[in-house]
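Asks: Structure file my_file-v1.cif (mmCIF, C-alpha atoms and all ligand atoms) is given on the next line.
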data_upload
#
loop_
_atom_site.label_atom_id
_atom_site.label_comp_id
_atom_site.auth_asym_id
_atom_site.auth_seq_id
_atom_site.Cartn_x
_atom_site.Cartn_y
_atom_site.Cartn_z
CA MET A 1 -5.57 35.32 -1.84
CA ILE A 2 -8.39 34.79 -4.29
CA ASN A 3 -9.01 36.64 -7.50
CA LEU A 4 -12.38 38.37 -7.09
CA LYS A 5 -13.08 37.92 -10.78
CA THR A 6 -13.29 34.15 -10.35
CA LEU A 7 -16.46 34.58 -8.26
CA SER A 8 -19.97 34.54 -9.60
CA LYS A 9 -22.29 37.29 -8.41
CA SER A 10 -23.95 35.00 -5.83
CA GLU A 11 -20.55 33.82 -4.57
CA LEU A 12 -19.50 37.43 -4.12
CA VAL A 13 -22.70 38.07 -2.15
CA GLN A 14 -21.85 35.10 0.10
CA TYR A 15 -18.37 36.45 0.56
CA VAL A 16 -19.65 39.86 1.55
CA ILE A 17 -22.12 38.28 3.99
CA SER A 18 -19.26 36.26 5.55
CA TRP A 19 -17.58 39.61 6.26
CA LYS A 20 -20.77 40.77 8.02
CA GLN A 21 -21.40 43.43 5.38
CA PRO A 22 -24.75 44.33 3.79
CA THR A 23 -25.34 42.50 0.50
CA TYR A 24 -25.42 45.71 -1.55
CA ARG A 25 -21.66 45.90 -1.04
CA ALA A 26 -21.41 43.00 -3.50
CA SER A 27 -23.18 45.08 -6.16
CA GLN A 28 -20.85 48.00 -5.45
CA ILE A 29 -17.73 45.87 -5.78
CA TRP A 30 -19.18 44.25 -8.91
CA ALA A 31 -19.80 47.66 -10.48
CA TRP A 32 -16.23 48.78 -9.73
CA MET A 33 -14.79 45.68 -11.37
CA TYR A 34 -17.03 45.39 -14.38
CA GLN A 35 -18.43 48.88 -15.07
CA LYS A 36 -15.52 51.05 -14.04
CA ASN A 37 -12.84 48.49 -14.82
CA VAL A 38 -11.04 49.12 -11.52
CA THR A 39 -8.50 46.62 -10.19
CA ASP A 40 -7.18 48.67 -7.26
CA VAL A 41 -9.32 48.26 -4.14
CA ASP A 42 -8.19 51.70 -2.89
CA LEU A 43 -10.07 53.29 -5.78
CA MET A 44 -13.38 51.79 -4.62
CA THR A 45 -14.21 54.96 -2.77
CA ASN A 46 -17.78 54.16 -1.77
CA LEU A 47 -16.62 51.21 0.36
CA PRO A 48 -15.79 51.87 4.01
CA THR A 49 -12.06 51.98 4.77
CA GLN A 50 -12.29 48.94 6.99
CA LEU A 51 -13.85 46.86 4.23
CA ARG A 52 -11.19 48.02 1.80
CA GLN A 53 -8.49 46.91 4.24
CA LYS A 54 -10.16 43.52 4.59
CA LEU A 55 -10.45 43.15 0.83
CA LYS A 56 -6.79 44.03 0.34
CA SER A 57 -5.72 41.38 2.82
CA GLU A 58 -7.84 38.61 1.29
CA VAL A 59 -8.36 39.20 -2.41
CA TRP A 60 -6.81 40.52 -5.58
CA ILE A 61 -8.32 41.56 -8.92
CA SER A 62 -6.80 40.36 -12.17
CA GLN A 63 -6.35 42.27 -15.40
CA ALA A 64 -5.02 41.42 -18.83
CA ASN A 65 -1.57 42.49 -19.91
CA LEU A 66 -1.35 43.72 -23.49
CA LYS A 67 1.53 42.01 -25.34
CA THR A 68 0.94 43.34 -28.81
CA GLN A 69 -1.79 44.85 -30.90
CA SER A 70 -2.19 45.42 -34.59
CA GLU A 71 -4.69 47.50 -36.49
CA SER A 72 -6.03 46.54 -39.85
CA LYS A 73 -5.65 49.19 -42.54
CA SER A 74 -8.45 47.73 -44.61
CA ASP A 75 -11.33 47.33 -42.19
CA GLN A 76 -10.59 49.09 -38.88
CA SER A 77 -10.41 45.90 -36.86
CA THR A 78 -7.80 45.70 -34.12
CA LYS A 79 -6.35 42.45 -32.92
CA PHE A 80 -4.82 42.04 -29.48
CA LEU A 81 -2.49 39.47 -28.06
CA LEU A 82 -3.20 39.49 -24.33
CA GLU A 83 -1.66 37.83 -21.35
CA VAL A 84 -4.44 36.60 -19.08
CA ALA A 85 -4.84 34.15 -16.18
CA ASN A 86 -1.23 33.57 -15.16
CA SER A 87 0.49 34.69 -18.33
CA GLU A 88 -1.39 32.73 -20.96
CA SER A 89 -1.25 34.40 -24.39
CA VAL A 90 -4.58 34.59 -26.12
CA GLU A 91 -6.07 36.59 -28.95
CA ALA A 92 -9.03 38.93 -28.90
CA VAL A 93 -10.27 41.20 -31.68
CA LEU A 94 -12.33 44.38 -31.85
CA MET A 95 -14.30 44.53 -35.09
CA PRO A 96 -16.19 47.75 -35.85
CA ASP A 97 -18.86 47.42 -38.53
CA GLY A 98 -21.34 50.24 -39.00
CA ASN A 99 -23.19 50.69 -35.73
CA ARG A 100 -21.80 47.46 -34.36
CA ASN A 101 -18.61 47.02 -32.40
CA THR A 102 -18.01 43.34 -31.86
CA ILE A 103 -15.41 41.83 -29.58
CA CYS A 104 -14.21 38.35 -30.46
CA LEU A 105 -13.02 36.40 -27.41
CA SER A 106 -10.89 33.30 -26.91
CA SER A 107 -12.14 30.53 -24.64
CA GLN A 108 -9.05 28.29 -24.59
CA VAL A 109 -5.32 28.57 -25.05
CA GLY A 110 -4.88 26.70 -28.31
CA CYS A 111 -7.50 24.16 -29.36
CA ALA A 112 -7.79 20.38 -29.41
CA MET A 113 -10.22 20.18 -32.35
CA ASN A 114 -7.52 20.20 -35.03
CA CYS A 115 -9.66 21.57 -37.87
CA ALA A 116 -7.66 21.46 -41.10
CA PHE A 117 -8.28 25.12 -41.99
CA CYS A 118 -7.64 26.70 -38.59
CA ALA A 119 -4.41 28.27 -37.32
CA THR A 120 -5.34 27.64 -33.68
CA GLY A 121 -5.82 23.95 -34.46
CA GLN A 122 -2.25 23.80 -35.77
CA MET A 123 -0.79 24.98 -32.45
CA GLY A 124 -2.56 22.25 -30.47
CA PHE A 125 -4.26 22.48 -27.10
CA PHE A 126 -2.63 24.03 -24.04
CA ARG A 127 -5.42 24.62 -21.54
CA ASN A 128 -8.86 25.94 -20.75
CA LEU A 129 -9.17 29.57 -19.77
CA PRO A 130 -10.75 30.31 -16.40
CA VAL A 131 -13.67 32.76 -16.37
CA ASP A 132 -11.43 35.69 -15.37
CA GLY A 133 -9.13 34.98 -18.32
CA ILE A 134 -12.14 35.28 -20.64
CA ILE A 135 -13.66 38.40 -19.07
CA ASP A 136 -10.30 40.16 -18.77
CA GLN A 137 -9.96 40.06 -22.57
CA PHE A 138 -13.24 41.96 -22.86
CA LEU A 139 -12.27 44.48 -20.18
CA ALA A 140 -8.81 45.08 -21.65
CA ILE A 141 -10.29 46.03 -25.02
CA LYS A 142 -12.92 48.20 -23.38
CA LYS A 143 -10.20 50.04 -21.52
CA GLN A 144 -8.38 50.81 -24.77
CA PHE A 145 -11.55 52.06 -26.46
CA LEU A 146 -13.30 53.99 -23.73
CA THR A 147 -15.53 55.98 -26.05
CA THR A 148 -16.56 53.00 -28.17
CA GLN A 149 -19.71 51.21 -27.17
CA ILE A 150 -19.23 47.47 -27.41
CA THR A 151 -22.44 46.09 -28.88
CA ASN A 152 -21.69 42.40 -29.49
CA VAL A 153 -19.50 39.57 -28.25
CA VAL A 154 -18.65 36.44 -30.20
CA PHE A 155 -16.77 33.40 -28.90
CA MET A 156 -14.91 32.91 -32.16
CA GLY A 157 -11.32 33.44 -31.06
CA MET A 158 -9.00 30.68 -30.00
CA GLY A 159 -10.52 27.48 -28.70
CA GLU A 160 -13.74 25.52 -28.66
CA PRO A 161 -16.06 27.30 -26.21
CA LEU A 162 -18.27 24.29 -25.52
CA ALA A 163 -15.19 22.23 -24.56
CA ASN A 164 -14.70 24.77 -21.74
CA TYR A 165 -18.38 24.79 -20.96
CA GLN A 166 -18.66 25.93 -17.33
CA GLN A 167 -16.19 28.79 -17.64
CA VAL A 168 -17.81 30.08 -20.83
CA VAL A 169 -21.28 29.92 -19.25
CA SER A 170 -19.94 31.82 -16.21
CA ALA A 171 -18.40 34.42 -18.54
CA VAL A 172 -21.74 34.91 -20.31
CA ARG A 173 -23.42 35.38 -16.93
CA ILE A 174 -20.89 38.08 -16.01
CA LEU A 175 -21.21 39.78 -19.40
CA THR A 176 -25.00 39.95 -19.00
CA ASP A 177 -25.29 40.85 -15.30
CA PRO A 178 -27.16 44.19 -15.20
CA ASP A 179 -25.04 45.48 -12.28
CA GLY A 180 -21.89 45.11 -14.34
CA ILE A 181 -21.23 44.90 -18.05
CA GLY A 182 -24.96 44.54 -18.69
CA MET A 183 -24.95 43.22 -22.23
CA SER A 184 -28.06 41.75 -23.76
CA PRO A 185 -27.57 37.96 -24.14
CA LYS A 186 -29.05 38.26 -27.63
CA ARG A 187 -25.85 40.07 -28.60
CA ILE A 188 -23.59 37.26 -27.49
CA THR A 189 -22.85 34.37 -29.84
CA ILE A 190 -21.15 31.12 -28.91
CA SER A 191 -19.62 29.44 -31.94
CA THR A 192 -19.00 25.70 -31.83
CA VAL A 193 -17.59 22.84 -33.89
CA GLY A 194 -20.69 20.97 -32.71
CA LEU A 195 -20.26 19.16 -29.40
CA VAL A 196 -23.72 17.61 -29.47
CA PRO A 197 -24.34 16.91 -25.74
CA ARG A 198 -23.21 20.42 -24.89
CA ILE A 199 -25.57 21.97 -27.43
CA TYR A 200 -28.50 20.28 -25.64
CA GLN A 201 -27.11 21.39 -22.27
CA LEU A 202 -26.63 24.97 -23.44
CA ALA A 203 -30.17 25.10 -24.82
CA ARG A 204 -31.47 24.26 -21.33
CA GLU A 205 -29.08 26.64 -19.55
CA GLY A 206 -31.46 29.52 -20.18
CA LEU A 207 -28.74 32.06 -20.99
CA GLY A 208 -30.61 33.60 -23.91
CA CYS A 209 -27.46 33.85 -26.01
CA LYS A 210 -27.10 32.84 -29.65
CA LEU A 211 -25.46 29.75 -31.09
CA ALA A 212 -23.42 29.42 -34.27
CA LEU A 213 -22.47 26.04 -35.68
CA SER A 214 -19.36 25.71 -37.85
CA LEU A 215 -20.71 23.26 -40.41
CA ASN A 216 -18.21 23.65 -43.27
CA GLY A 217 -19.24 20.49 -45.09
CA THR A 218 -22.44 18.97 -46.44
CA ASN A 219 -21.58 15.29 -45.99
CA ASP A 220 -19.77 13.37 -43.28
CA LYS A 221 -16.84 12.41 -45.51
CA ILE A 222 -15.86 15.97 -46.37
CA ARG A 223 -16.71 17.36 -42.97
CA ALA A 224 -14.67 14.74 -41.15
CA LYS A 225 -11.67 15.56 -43.35
CA LEU A 226 -11.93 19.22 -42.43
CA MET A 227 -13.13 18.75 -38.85
CA PRO A 228 -12.08 15.53 -37.09
CA ILE A 229 -14.78 16.07 -34.42
CA ASN A 230 -17.25 14.90 -37.08
CA HIS A 231 -16.16 11.30 -36.33
CA SER A 232 -17.72 11.70 -32.87
CA TYR A 233 -20.71 13.83 -33.84
CA PRO A 234 -21.74 13.35 -37.46
CA ILE A 235 -23.93 15.79 -39.34
CA GLY A 236 -27.22 13.96 -38.66
CA GLN A 237 -26.75 14.20 -34.89
CA LEU A 238 -25.62 17.79 -35.18
CA LEU A 239 -28.66 18.93 -37.07
CA SER A 240 -30.99 17.16 -34.63
CA ALA A 241 -29.27 19.00 -31.80
CA LEU A 242 -29.63 22.26 -33.67
CA ARG A 243 -33.33 21.70 -34.29
CA SER A 244 -33.76 21.11 -30.56
CA TRP A 245 -31.79 24.28 -29.86
CA VAL A 246 -34.15 26.32 -32.01
CA GLU A 247 -37.20 24.68 -30.44
CA ILE A 248 -36.07 25.03 -26.82
CA THR A 249 -34.60 28.53 -27.02
CA GLN A 250 -37.02 29.84 -29.64
CA THR A 251 -34.09 31.55 -31.37
CA PRO A 252 -32.82 30.85 -34.86
CA ALA A 253 -29.34 29.34 -35.19
CA THR A 254 -26.43 30.56 -37.28
CA ILE A 255 -24.60 28.22 -39.62
CA GLU A 256 -21.01 29.09 -40.49
CA TYR A 257 -19.63 27.71 -43.71
CA VAL A 258 -15.98 28.35 -44.53
CA LEU A 259 -15.64 28.17 -48.31
CA ILE A 260 -12.49 26.33 -49.41
CA LYS A 261 -11.54 26.04 -53.06
CA GLY A 262 -12.24 22.64 -54.60
CA ILE A 263 -13.13 21.12 -51.22
CA ASN A 264 -16.62 22.31 -50.26
CA ASP A 265 -17.43 25.15 -52.67
CA SER A 266 -19.16 23.43 -55.59
CA LEU A 267 -22.62 24.50 -56.65
CA THR A 268 -23.85 20.96 -55.99
CA GLU A 269 -22.75 21.44 -52.40
CA ALA A 270 -24.69 24.69 -52.24
CA GLU A 271 -27.78 22.69 -53.26
CA ASP A 272 -26.90 19.98 -50.73
CA LEU A 273 -26.58 22.62 -48.01
CA CYS A 274 -30.07 23.91 -48.73
CA ARG A 275 -31.47 20.38 -48.62
CA LEU A 276 -29.67 19.65 -45.36
CA LEU A 277 -30.95 22.77 -43.65
CA LYS A 278 -34.51 22.48 -44.93
CA GLY A 279 -36.99 23.52 -42.26
CA LEU A 280 -34.28 24.75 -39.87
CA ARG A 281 -34.64 28.38 -38.79
CA CYS A 282 -31.16 29.69 -39.43
CA LYS A 283 -28.97 32.24 -41.13
CA ILE A 284 -25.93 31.02 -43.06
CA ASN A 285 -22.69 32.97 -42.85
CA LEU A 286 -20.43 32.19 -45.79
CA ILE A 287 -16.81 32.78 -44.79
CA PRO A 288 -14.26 32.75 -47.60
CA PHE A 289 -11.29 30.76 -46.30
CA ASN A 290 -8.52 32.92 -44.90
CA PRO A 291 -5.24 31.21 -45.90
CA ILE A 292 -2.98 30.07 -43.08
CA SER A 293 0.69 29.21 -43.29
CA GLY A 294 1.62 25.56 -43.66
CA SER A 295 -1.64 24.68 -45.42
CA ASP A 296 -2.35 24.02 -49.11
CA LEU A 297 -5.98 25.01 -48.75
CA ARG A 298 -7.07 27.94 -50.92
CA ARG A 299 -9.83 30.49 -51.05
CA PRO A 300 -12.28 30.16 -53.97
CA GLU A 301 -12.52 32.88 -56.65
CA VAL A 302 -14.97 35.67 -55.86
CA SER A 303 -17.21 34.54 -58.73
CA GLN A 304 -17.46 31.04 -57.24
CA ILE A 305 -18.24 32.44 -53.77
CA GLU A 306 -20.98 34.61 -55.25
CA GLU A 307 -22.50 31.79 -57.30
CA PHE A 308 -22.56 29.62 -54.18
CA ARG A 309 -24.32 32.43 -52.34
CA ASP A 310 -26.79 32.94 -55.20
CA ILE A 311 -27.98 29.35 -54.95
CA LEU A 312 -28.68 29.81 -51.25
CA THR A 313 -30.52 33.04 -51.99
CA GLN A 314 -32.61 31.30 -54.65
CA HIS A 315 -33.70 28.90 -51.90
CA HIS A 316 -34.74 31.93 -49.82
CA ARG A 317 -31.84 31.58 -47.44
CA VAL A 318 -30.23 34.59 -45.77
CA ALA A 319 -26.58 33.96 -46.57
CA PRO A 320 -24.25 36.96 -46.28
CA ILE A 321 -20.62 36.59 -47.36
CA ARG A 322 -18.44 37.44 -44.37
CA TYR A 323 -14.85 38.13 -45.17
CA SER A 324 -12.81 37.53 -42.01
CA LYS A 325 -12.03 40.85 -40.45
CA GLY A 326 -8.45 42.05 -40.43
CA ARG A 327 -7.12 39.86 -43.16
CA ASP A 328 -4.00 42.00 -43.25
CA ILE A 329 -3.40 41.56 -39.51
CA ALA A 330 -3.60 37.79 -39.40
CA ALA A 331 -7.00 37.94 -37.79
CA ALA A 332 -8.16 34.44 -38.63
CA CYS A 333 -8.45 32.41 -35.51
CA GLY A 334 -5.04 31.71 -33.96
CA GLN A 335 -2.87 33.49 -36.50
CA LEU A 336 -1.63 36.36 -34.36
CA ARG A 337 -0.26 34.19 -31.59
CA THR A 338 1.41 31.93 -34.16
CA VAL A 339 3.15 34.83 -35.88
CA TYR A 340 4.07 36.47 -32.57
CA GLU A 341 5.68 33.31 -31.27
CA LYS A 342 7.61 32.76 -34.47
CA THR A 343 9.02 36.28 -34.56
CA GLY A 344 8.95 37.01 -30.83
CA LYS A 345 8.20 40.63 -31.49
CA ARG A 346 5.56 43.17 -32.35
CA LEU A 347 3.83 42.47 -35.61
CA SER A 348 4.37 44.42 -38.73
CA PRO A 349 0.99 45.43 -40.16
CA ASN A 350 1.18 42.78 -42.86
CA PRO A 351 2.65 39.66 -41.32
CA GLN A 352 1.49 37.21 -43.92
CA LYS A 353 -0.31 37.28 -47.20
CA ALA A 354 -4.01 36.56 -46.95
N1 LIG A 401 -14.23 26.51 -32.16
C1 LIG A 401 -15.27 27.41 -32.52
C2 LIG A 401 -14.89 28.88 -32.48
C3 LIG A 401 -13.56 29.28 -33.08
S1 LIG A 401 -13.42 29.36 -34.84
C4 LIG A 401 -15.84 27.03 -33.86
O1 LIG A 401 -15.27 26.19 -34.55
O2 LIG A 401 -16.90 27.54 -34.23
C5 LIG A 401 -14.54 30.61 -35.31
C6 LIG A 401 -14.95 30.54 -36.77
O3 LIG A 401 -13.82 30.83 -37.60
C7 LIG A 401 -15.45 29.15 -37.17
O4 LIG A 401 -16.65 29.27 -37.91
C8 LIG A 401 -14.35 28.61 -38.09
O5 LIG A 401 -14.90 27.72 -39.03
C9 LIG A 401 -13.78 29.91 -38.68
N2 LIG A 401 -12.39 29.81 -39.15
C10 LIG A 401 -11.34 29.23 -38.53
N3 LIG A 401 -10.23 29.33 -39.29
C11 LIG A 401 -10.58 30.00 -40.41
C12 LIG A 401 -9.87 30.41 -41.58
N4 LIG A 401 -8.58 30.14 -41.75
N5 LIG A 401 -10.56 31.08 -42.53
C13 LIG A 401 -11.87 31.37 -42.38
N6 LIG A 401 -12.59 31.01 -41.31
C14 LIG A 401 -11.96 30.32 -40.32
#
Will you turn the file into structure tokens for me?
Ligand code: SAH
Replies:
Amino acid sequence: MINLKTLSKSELVQYVISWKQPTYRASQIWAWMYQKNVTDVDLMTNLPTQLRQKLKSEVWISQANLKTQSESKSDQSTKFLLEVANSESVEAVLMPDGNRNTICLSSQVGCAMNCAFCATGQMGFFRNLPVDGIIDQFLAIKKQFLTTQITNVVFMGMGEPLANYQQVVSAVRILTDPDGIGMSPKRITISTVGLVPRIYQLAREGLGCKLALSLNGTNDKIRAKLMPINHSYPIGQLLSALRSWVEITQTPATIEYVLIKGINDSLTEAEDLCRLLKGLRCKINLIPFNPISGSDLRRPEVSQIEEFRDILTQHHRVAPIRYSKGRDIAAACGQLRTVYEKTGKRLSPNPQKA
């Protein structure tokens, strides 16, 4: 038995042809799975009975199982711990913000990148998620919020999306297929620690999605301390890759900069950041560090965060301050699963101080 959600659209077409069915059946099945969120073949009422019988004998359709969910009191975000792809627990978040409703997806179970400030990094790497495990997170949240239009998707949950390259690319293709979920690729952002060869590959993939780079440091010494991947791909290489990204895709990049007290938040570093990014078409998201348990790292004072921002603004940089959503529900990357596994039960609304 194969899980239909592991197939690309063209593979599904091939499958349907092998059953001697017209190709439009593939579009119908696709629409049932991705538009109507149906997992029971018997509910696919526009398919002939015989085809339904055949489907039932050869395939199954996965769905995520909701383990726990917690709603933020401060900013309306809801975080989910979901069981996907053979009972892997991963986190996904719905973040409403004005007219936008963004879903944050996980691409891996755990993460191998071991960034000093990240809760997912602390838990280590378990495995890559298959494409169905990624898409089922999206569909599970959609099912809970039927009347909410999901406008954006960001790969900023657990894991390093470009370390699970093929499955993430397949997920983006499913998210953007007009017969199914039909999202505009411009509303999908892949966030990366900066796997340089993959950035070049993604630029040539032609997906049309956006790219965010977690920079977090203005020189190799500091960045490598925060993000060990910098030993493999130092800042110089990263920025060259990013310039190529902008040139090839003709879309500006996003730089993410987590501000950590006394580590990378000085005003000199704000100046350094401007110098480093000179001539690069990009927006800079400043993310005040969201404290995680077992770490001494701290968030800077608001005044320091604002002064840092002001320097970027003086250099004509667009640099909004983005407080992590759901600070009261452990919404920084990887925190929900960590708390869940420690307590083994549903979260209280305020599991740890942020
Ligand atoms: N691996 C990818 C995506 C996951 S992390 C990446 O590194 O981009 C998504 C974003 O959350 C990154 O920009 C990361 O720097 C940020 N982040 C992780 N832990 C954080 C924390 N404790 N506080 C604030 N931002 C955090």
Asks: Which residues are near region 19-30 of chain A? Cut-off 8 Å, all atoms listed in the file, ignore same chain within fewer than 4 positions. Put them as a ChimeraX atom specification.
Replies: /A:9,12-13,15,34-35,44,46-47,179-180
Asks: Taking only C-alpha atoms into account, name the residue in A:Leu81, A:Asp132, A:Cys115, A:Asn152 that is nearest to Ile2 (chain A).
Replies: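 Ranking A:Leu81, A:Asp132, A:Cys115, A:Asn152 by distance to Ile2 (chain A), first place goes to A:Asp132.
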Asks: Go through region 101-189 of chain A residue by residue and, counting all atoms listed in the file, keep those with an atom at most 12 Å from region 245-255 of chain A; for each kept residue give the shortest atom pair and its distance in Å to one decimal, ordered by chain and increasing number, as a Markdown table.
Replies:
| residue | atom | partner | partner_atom | distance |
| --- | --- | --- | --- | --- |
| A:Pro185 | CA | A:Thr251 | CA | 11.7 |
| A:Lys186 | CA | A:Thr251 | CA | 9.2 |
| A:Thr189 | CA | A:Thr254 | CA | 9.1 |
Asks: List as a Markdown table every residue of region 167-209 of chain A that is in contact with region 106-112 of chain A, defined as an atom at most 12 Å from one of its atoms (using only C-alpha atoms), together with the nearest atom pair and the distance in Å rounded to one decimal, sorted by chain and then rising number.
Replies:
| residue | atom | partner | partner_atom | distance |
| --- | --- | --- | --- | --- |
| A:Gln167 | CA | A:Ser107 | CA | 8.3 |
| A:Val168 | CA | A:Ser107 | CA | 6.8 |
| A:Val169 | CA | A:Ser107 | CA | 10.6 |
| A:Ser170 | CA | A:Ser107 | CA | 11.6 |
| A:Ala171 | CA | A:Ser107 | CA | 9.6 |
| A:Val172 | CA | A:Ser107 | CA | 11.4 |
| A:Ile190 | CA | A:Ser107 | CA | 10.0 |
| A:Ser191 | CA | A:Ser107 | CA | 10.5 |
| A:Thr192 | CA | A:Ser107 | CA | 11.0 |
| A:Val193 | CA | A:Ala112 | CA | 11.1 |
Asks: Expressed in Å to a single decimal, how great is the separation between CA of Leu207 (chain A) and CA of Ile181 (chain A)?
Replies: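 Separation between CA of Leu207 (chain A) and CA of Ile181 (chain A): 15.2 Å.
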Asks: Hey, which residues come within 7 Å of ligand LIG 401 (chain A) if we count all atoms listed in the file? Could you give them as a tab-separated table (two decimals) with C-alpha atoms, in the coordinates of the input?
Replies:
chain	number	residue	atom	x	y	z
A	117	PHE	CA	-8.28	25.12	-41.99
A	118	CYS	CA	-7.64	26.70	-38.59
A	119	ALA	CA	-4.41	28.27	-37.32
A	155	PHE	CA	-16.77	33.40	-28.90
A	156	MET	CA	-14.91	32.91	-32.16
A	157	GLY	CA	-11.32	33.44	-31.06
A	158	MET	CA	-9.00	30.68	-30.00
A	159	GLY	CA	-10.52	27.48	-28.70
A	160	GLU	CA	-13.74	25.52	-28.66
A	161	PRO	CA	-16.06	27.30	-26.21
A	191	SER	CA	-19.62	29.44	-31.94
A	192	THR	CA	-19.00	25.70	-31.83
A	193	VAL	CA	-17.59	22.84	-33.89
A	212	ALA	CA	-23.42	29.42	-34.27
A	213	LEU	CA	-22.47	26.04	-35.68
A	214	SER	CA	-19.36	25.71	-37.85
A	216	ASN	CA	-18.21	23.65	-43.27
A	256	GLU	CA	-21.01	29.09	-40.49
A	257	TYR	CA	-19.63	27.71	-43.71
A	258	VAL	CA	-15.98	28.35	-44.53
A	287	ILE	CA	-16.81	32.78	-44.79
A	288	PRO	CA	-14.26	32.75	-47.60
A	289	PHE	CA	-11.29	30.76	-46.30
A	290	ASN	CA	-8.52	32.92	-44.90
A	291	PRO	CA	-5.24	31.21	-45.90
A	292	ILE	CA	-2.98	30.07	-43.08
A	324	SER	CA	-12.81	37.53	-42.01
A	332	ALA	CA	-8.16	34.44	-38.63
A	333	CYS	CA	-8.45	32.41	-35.51
Asks: Return the single residue from A:Ala319, A:Cys274, A:Leu66, A:Leu297 that is closest to Ser87 (chain A), with distances computed using only C-alpha atoms.
Replies: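 Going through A:Ala319, A:Cys274, A:Leu66, A:Leu297 one by one, the smallest distance to Ser87 (chain A) is for A:Leu66.
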Asks: What does the structure give for the distance between CA of Thr102 (chain A) and CA of Val153 (chain A), in Å to one decimal?
Replies: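 Going from CA of Thr102 (chain A) over to CA of Val153 (chain A), I get 5.4 Å.
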Asks: Considering all atoms listed in the file, can you say which of A:Arg299, A:Lys73, A:Lys5, A:Lys56 comes closest to Asp40 (chain A)?
Replies: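 Ranked by minimum distance to Asp40 (chain A), first place goes to A:Lys56.
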Asks: Report the distance between CA of Asn99 (chain A) and CA of Ile141 (chain A) in Å, rounded to one decimal place.
Replies: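 Distance between the two atoms: 17.4 Å.
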Asks: So which residues touch Lys142 (chain A) within 12 Å, counting all atoms listed in the file, skipping near sequence neighbours fewer than 5 positions away, as a PyMOL selection string?
Replies: chain A and resi 34-37+63-64+80+92-94+101-103+135-137+147-151+153+181
Asks: I'd like the neighbourhood of region 224-231 of chain A as a ChimeraX atom specification, where a residue qualifies if any of its atoms comes within 7 Å (using all atoms listed in the file), though same-chain residues fewer than 2 positions away should be ignored.
Replies: /A:113-117,220-222,233-234
Asks: In terms of the shortest atom-to-atom distance over all atoms listed in the file, which of A:Ile321, A:Leu238, A:Val196, A:Cys282 is closest to Leu259 (chain A)?
Replies: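 Distance minimum relative to Leu259 (chain A) lands on A:Ile321.
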Asks: Counting only C-alpha atoms, figure out which residue out of A:Met95, A:Gln144, A:Tyr165, A:Arg275 gets nearest to Asn128 (chain A).
Replies: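 That would be A:Tyr165, the residue with the smallest distance to Asn128 (chain A).
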Asks: Measuring atom to atom with all atoms listed in the file, identify which of A:Ser18, A:Lys143, A:Asp97, A:Val90 is nearest to Val38 (chain A).
Replies: A:Lys143
Asks: Using only C-alpha atoms, can you list as a PDB file with C-alpha atoms, in the frame of the given file the residues within 10 Å of (-13.4, 23.8, -53.4)?
Replies:
ATOM      1  CA  LEU A 259     -15.640  28.170 -48.310  1.00  0.00           C
ATOM      2  CA  ILE A 260     -12.490  26.330 -49.410  1.00  0.00           C
ATOM      3  CA  LYS A 261     -11.540  26.040 -53.060  1.00  0.00           C
ATOM      4  CA  GLY A 262     -12.240  22.640 -54.600  1.00  0.00           C
ATOM      5  CA  ILE A 263     -13.130  21.120 -51.220  1.00  0.00           C
ATOM      6  CA  ASN A 264     -16.620  22.310 -50.260  1.00  0.00           C
ATOM      7  CA  ASP A 265     -17.430  25.150 -52.670  1.00  0.00           C
ATOM      8  CA  SER A 266     -19.160  23.430 -55.590  1.00  0.00           C
ATOM      9  CA  LEU A 267     -22.620  24.500 -56.650  1.00  0.00           C
ATOM     10  CA  GLU A 269     -22.750  21.440 -52.400  1.00  0.00           C
ATOM     11  CA  LEU A 297      -5.980  25.010 -48.750  1.00  0.00           C
ATOM     12  CA  ARG A 298      -7.070  27.940 -50.920  1.00  0.00           C
ATOM     13  CA  ARG A 299      -9.830  30.490 -51.050  1.00  0.00           C
ATOM     14  CA  PRO A 300     -12.280  30.160 -53.970  1.00  0.00           C
ATOM     15  CA  GLU A 301     -12.520  32.880 -56.650  1.00  0.00           C
ATOM     16  CA  GLN A 304     -17.460  31.040 -57.240  1.00  0.00           C
ATOM     17  CA  ILE A 305     -18.240  32.440 -53.770  1.00  0.00           C
TER      18      ILE A 305
END
Asks: Need the shell around Gly182 (chain A): protein/DNA/RNA residues with any atom at most 10 Å away, counting all atoms listed in the file. Skip same-chain ones fewer than 4 positions apart. Format as a list in words?
Replies: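 Neighbouring residues, sequence-local ones excluded: Tyr34, Gln35, Arg173, Ile174, Leu175, Thr176, Asp177 and Pro178 of chain A.
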Asks: Pull C-alpha atoms from the residues just selected and write them as a tab-separated table (two decimals), in the frame of the given file.
Replies:
chain	number	residue	atom	x	y	z
A	34	TYR	CA	-17.03	45.39	-14.38
A	35	GLN	CA	-18.43	48.88	-15.07
A	173	ARG	CA	-23.42	35.38	-16.93
A	174	ILE	CA	-20.89	38.08	-16.01
A	175	LEU	CA	-21.21	39.78	-19.40
A	176	THR	CA	-25.00	39.95	-19.00
A	177	ASP	CA	-25.29	40.85	-15.30
A	178	PRO	CA	-27.16	44.19	-15.20
